[in-house]
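K.L.:
Could you have a look at this structure, given as structure tokens, before my questions?
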Amino acid sequence: MNSPFTSMLQTLSRQRGVTAALVVSERDGIVIDSNLHIGQKGDRVAALAASLYRKARLSAQAAGMGAVSFMQLEAPNGRLCAVGAGELVLVVVGSPVVNVGLVRVELLRSVVELAAIAEGRPA
Amino acid sequence: MMITSVVESWIEEPVRRFVDETGVELALLLHPSGQVLAQHGFARAVDVMTACALAAGIHATSGELGRLVDDKPFRGLHHAGMTRQIFLAEARSPRGAYIFLTVFGQESSIGLVRLYFDELVAGLAVAAPPEGPAPAPALAEHFERDLNRNLAVLFGRA
């Protein structure tokens with residue numbers, strides 16, 4: 001079944017090295033829609049990534065830096081990238097070979113559509 | 001700093017880990033009869049007593065409602081208020097089924113609470129003593145005595 005997020009998740013998942021793409025509720029940390037490779041624990045990633053994004057957003061606000069436009073986490077075995085719009089967070093998990101630049105471009109393109117959906121406007 | 005206290009020592013580590021990881025405001029582990037086993041964040045024994053009685057009642061009610069509509073009891077309940085949310089679920093362990101109640105605000109989320117609740121249940125399974133007497137049935141004549149004893153342990157009056 002298609003959701004308003006299916007197309008953006010498929011586009012992100014086609015990037016080399018991307019193992020999971022999820023739309024998550026920032027407040028609840030629950031998956032709204034996802035495109036996962038086998039073995040990815042969507043619920044777990046969603047809960048922790050939403051919490052991380054929320055804390056990053058609040059930290060940026062507290063430091064007077066304004067809104068978070070793009071968040072990236074580097075770890076020995078992969079990368080996690082996230083952008084947010086309203087109550088929604090778009091999260092991408094990738095292996096070390098993922099091209100973060102391309103993922104970033106695609107995320108920033110998708111966040112416009114995500115904002116429209118979050119606000120109930122036509123995307 | 002909020003204090004986490006438990007009646008039986010094997011419960012402490014899994015409950016403390018849950019509280020640390022989720023940042024919840026209140027947590028309670030109790031026997032389905034309403035006897036408290038562990039608490040975090042409560043300042044007064046009377047509040048623990050009230051929360052335990054209400055949690056046991058909600059658990060029993062939702063269990064029966066689940067049996068009525070779905071032939072099996074509902075195991076978890078989440079209620080989101082404007083600023084605080086509650087999560088109440090059955091935590092099965094080798095020592096029997098317990099009820100877990102937690103209250104959290106905007107510092108946490110239902111996703112995190114559910115994630116670490118699963119780890120709490122797994123932690124209780126690992127930490128439970130391999131042997132020991134099965135939990136005695138809660139008899140009405142002993143209920144108040146046992147409740148008062150547990151509250152005294154939790155609030156350092158034992």
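Numbering starts fresh at 1 for the residues of each chain in the structure tokens, the chains themselves are lettered A, B, ... in the order given, and ligands are numbered from 1 as they appear.
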Identify, on the basis of only C-alpha atoms, every residue whose closest approach to Ala89 in chain B does not exceed 8 Å; exclude the query and any residue fewer than 3 positions from it along the same chain; express the result as JSON, numbers by chain.
P.N.:
{"B": [59, 75, 76, 77, 99, 100, 101]}
K.L.:
For the strand (DSSP E or B) assignment from backbone DSSP, which residues of range 7-108 of chain A qualify? Please present them as a VMD selection string.
P.N.:
chain A and resid 18 to 25 31 to 36 71 to 75 78 to 85 88 to 94
K.L.:
Report the residues of chain B whose backbone DSSP state falls under alpha helix (DSSP H), written as an MDAnalysis selection string.
P.N.:
chainID B and resid 12:22 45:70 110:127 140:154
K.L.:
Please write the residues from the selection above to a file, keeping C-alpha atoms, as a PDB file, in the first residue's frame.
P.N.:
ATOM      1  CA  GLU B  12      16.984  -3.006  40.685  1.00  0.00           C
ATOM      2  CA  GLU B  13      19.393  -3.124  37.740  1.00  0.00           C
ATOM      3  CA  PRO B  14      16.799  -3.646  34.951  1.00  0.00           C
ATOM      4  CA  VAL B  15      14.515  -0.948  36.381  1.00  0.00           C
ATOM      5  CA  ARG B  16      17.358   1.517  36.915  1.00  0.00           C
ATOM      6  CA  ARG B  17      18.593   0.934  33.360  1.00  0.00           C
ATOM      7  CA  PHE B  18      15.102   1.550  31.976  1.00  0.00           C
ATOM      8  CA  VAL B  19      14.819   4.813  33.901  1.00  0.00           C
ATOM      9  CA  ASP B  20      18.307   5.987  32.889  1.00  0.00           C
ATOM     10  CA  GLU B  21      17.834   5.241  29.204  1.00  0.00           C
ATOM     11  CA  THR B  22      14.321   6.622  28.787  1.00  0.00           C
ATOM     12  CA  ALA B  45       4.280   6.216  49.997  1.00  0.00           C
ATOM     13  CA  VAL B  46       0.636   7.173  49.689  1.00  0.00           C
ATOM     14  CA  ASP B  47       1.148   8.124  46.029  1.00  0.00           C
ATOM     15  CA  VAL B  48       2.764   4.753  45.332  1.00  0.00           C
ATOM     16  CA  MET B  49      -0.133   3.003  47.043  1.00  0.00           C
ATOM     17  CA  THR B  50      -2.667   4.936  44.971  1.00  0.00           C
ATOM     18  CA  ALA B  51      -0.808   4.430  41.697  1.00  0.00           C
ATOM     19  CA  CYS B  52      -0.463   0.690  42.377  1.00  0.00           C
ATOM     20  CA  ALA B  53      -4.157   0.295  43.111  1.00  0.00           C
ATOM     21  CA  LEU B  54      -5.123   2.229  39.977  1.00  0.00           C
ATOM     22  CA  ALA B  55      -2.600   0.396  37.774  1.00  0.00           C
ATOM     23  CA  ALA B  56      -3.785  -3.005  39.003  1.00  0.00           C
ATOM     24  CA  GLY B  57      -7.373  -1.964  38.373  1.00  0.00           C
ATOM     25  CA  ILE B  58      -6.652  -0.660  34.860  1.00  0.00           C
ATOM     26  CA  HIS B  59      -4.673  -3.795  34.025  1.00  0.00           C
ATOM     27  CA  ALA B  60      -7.466  -6.074  35.208  1.00  0.00           C
ATOM     28  CA  THR B  61     -10.103  -4.039  33.383  1.00  0.00           C
ATOM     29  CA  SER B  62      -8.224  -3.833  30.090  1.00  0.00           C
ATOM     30  CA  GLY B  63      -7.431  -7.557  30.357  1.00  0.00           C
ATOM     31  CA  GLU B  64     -11.101  -8.412  30.629  1.00  0.00           C
ATOM     32  CA  LEU B  65     -11.994  -5.958  27.874  1.00  0.00           C
ATOM     33  CA  GLY B  66      -9.410  -7.617  25.627  1.00  0.00           C
ATOM     34  CA  ARG B  67     -10.838 -11.066  26.373  1.00  0.00           C
ATOM     35  CA  LEU B  68     -14.284  -9.748  25.545  1.00  0.00           C
ATOM     36  CA  VAL B  69     -13.438  -8.213  22.183  1.00  0.00           C
ATOM     37  CA  ASP B  70     -10.380 -10.160  21.061  1.00  0.00           C
ATOM     38  CA  ILE B 110       6.495   6.293  23.508  1.00  0.00           C
ATOM     39  CA  GLY B 111       8.928   4.840  20.964  1.00  0.00           C
ATOM     40  CA  LEU B 112      11.796   4.973  23.472  1.00  0.00           C
ATOM     41  CA  VAL B 113       9.608   3.692  26.303  1.00  0.00           C
ATOM     42  CA  ARG B 114       8.434   0.691  24.257  1.00  0.00           C
ATOM     43  CA  LEU B 115      11.956  -0.030  23.095  1.00  0.00           C
ATOM     44  CA  TYR B 116      13.407  -0.043  26.600  1.00  0.00           C
ATOM     45  CA  PHE B 117      10.372  -1.782  28.066  1.00  0.00           C
ATOM     46  CA  ASP B 118      11.253  -4.788  25.891  1.00  0.00           C
ATOM     47  CA  GLU B 119      14.790  -4.576  27.287  1.00  0.00           C
ATOM     48  CA  LEU B 120      13.413  -4.305  30.821  1.00  0.00           C
ATOM     49  CA  VAL B 121      11.448  -7.521  30.339  1.00  0.00           C
ATOM     50  CA  ALA B 122      14.545  -9.231  28.916  1.00  0.00           C
ATOM     51  CA  GLY B 123      16.604  -7.863  31.823  1.00  0.00           C
ATOM     52  CA  LEU B 124      14.136  -9.178  34.391  1.00  0.00           C
ATOM     53  CA  ALA B 125      14.260 -12.600  32.731  1.00  0.00           C
ATOM     54  CA  VAL B 126      18.056 -12.655  33.019  1.00  0.00           C
ATOM     55  CA  ALA B 127      18.204 -11.214  36.543  1.00  0.00           C
ATOM     56  CA  ALA B 140      -6.828 -10.222  51.613  1.00  0.00           C
ATOM     57  CA  GLU B 141      -5.839 -10.803  55.231  1.00  0.00           C
ATOM     58  CA  HIS B 142      -2.140 -10.263  54.434  1.00  0.00           C
ATOM     59  CA  PHE B 143      -2.501  -7.644  51.740  1.00  0.00           C
ATOM     60  CA  GLU B 144      -2.238  -4.543  53.888  1.00  0.00           C
ATOM     61  CA  ARG B 145       0.586  -5.962  55.990  1.00  0.00           C
ATOM     62  CA  ASP B 146       2.586  -6.894  52.852  1.00  0.00           C
ATOM     63  CA  LEU B 147       1.853  -3.560  51.200  1.00  0.00           C
ATOM     64  CA  ASN B 148       3.002  -1.644  54.256  1.00  0.00           C
ATOM     65  CA  ARG B 149       6.133  -3.781  54.496  1.00  0.00           C
ATOM     66  CA  ASN B 150       7.004  -3.133  50.823  1.00  0.00           C
ATOM     67  CA  LEU B 151       6.353   0.595  51.135  1.00  0.00           C
ATOM     68  CA  ALA B 152       8.536   0.694  54.244  1.00  0.00           C
ATOM     69  CA  VAL B 153      11.367  -0.967  52.317  1.00  0.00           C
ATOM     70  CA  LEU B 154      10.992   1.424  49.359  1.00  0.00           C
TER      71      LEU B 154
END
K.L.:
Give me, as JSON lines, the closest atom pair and its distance (Å, one decimal) for every residue of chain A within a cut-off of 6 Å of chain B, counting only C-alpha atoms, rows sorted by chain and rising number.
P.N.:
{"residue": "A:Asp28", "atom": "CA", "partner": "B:Ser109", "partner_atom": "CA", "distance": 4.8}
{"residue": "A:Gly29", "atom": "CA", "partner": "B:Gly111", "partner_atom": "CA", "distance": 4.4}
{"residue": "A:Ile30", "atom": "CA", "partner": "B:Gly111", "partner_atom": "CA", "distance": 5.2}
{"residue": "A:Ala47", "atom": "CA", "partner": "B:Gly111", "partner_atom": "CA", "distance": 4.7}
K.L.:
Using only C-alpha atoms, pick whichever of A:Gln61, A:Ser25, A:Gln72, A:Gln15 has the shortest atom-to-atom distance to Ala46 in chain A.
P.N.:
A:Ser25
K.L.:
Please list as a PyMOL selection string every residue within 9 Å of Arg57 in chain A, counting only C-alpha atoms and excluding residues in the same chain fewer than 6 positions away.
P.N.:
chain A and resi 66-68
K.L.:
Find the residue from A:Val83, A:Met1, A:Arg27, A:Leu22 that sits nearest to Gln85 in chain B; use only C-alpha atoms when measuring.
P.N.:
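Among the listed residues, A:Arg27 lies closest to Gln85 in chain B.
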K.L.:
Residues near Gly39 in chain A, anyone? I mean within 12 Å using only C-alpha atoms, not counting same-chain ones fewer than 5 positions away, as a ChimeraX atom specification.
P.N.:
/A:19-20,44-45
K.L.:
Using only C-alpha atoms, please write the residues we just selected to a file, as a compact mmCIF listing (two decimals), in the first residue's frame.
P.N.:
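Printed below is selection.txt as written:
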# COMPACT_ATOMS: atom_id res chain seq x y z
CA THR A 19 20.13 0.38 4.21
CA ALA A 20 17.09 2.08 5.70
CA ARG A 44 14.67 0.68 17.29
CA VAL A 45 16.29 3.06 14.82
K.L.:
Measure the distance from CA of Val103 in chain B to CA of Glu25 in chain B in Å and round it to one decimal.
P.N.:
5.7 Å
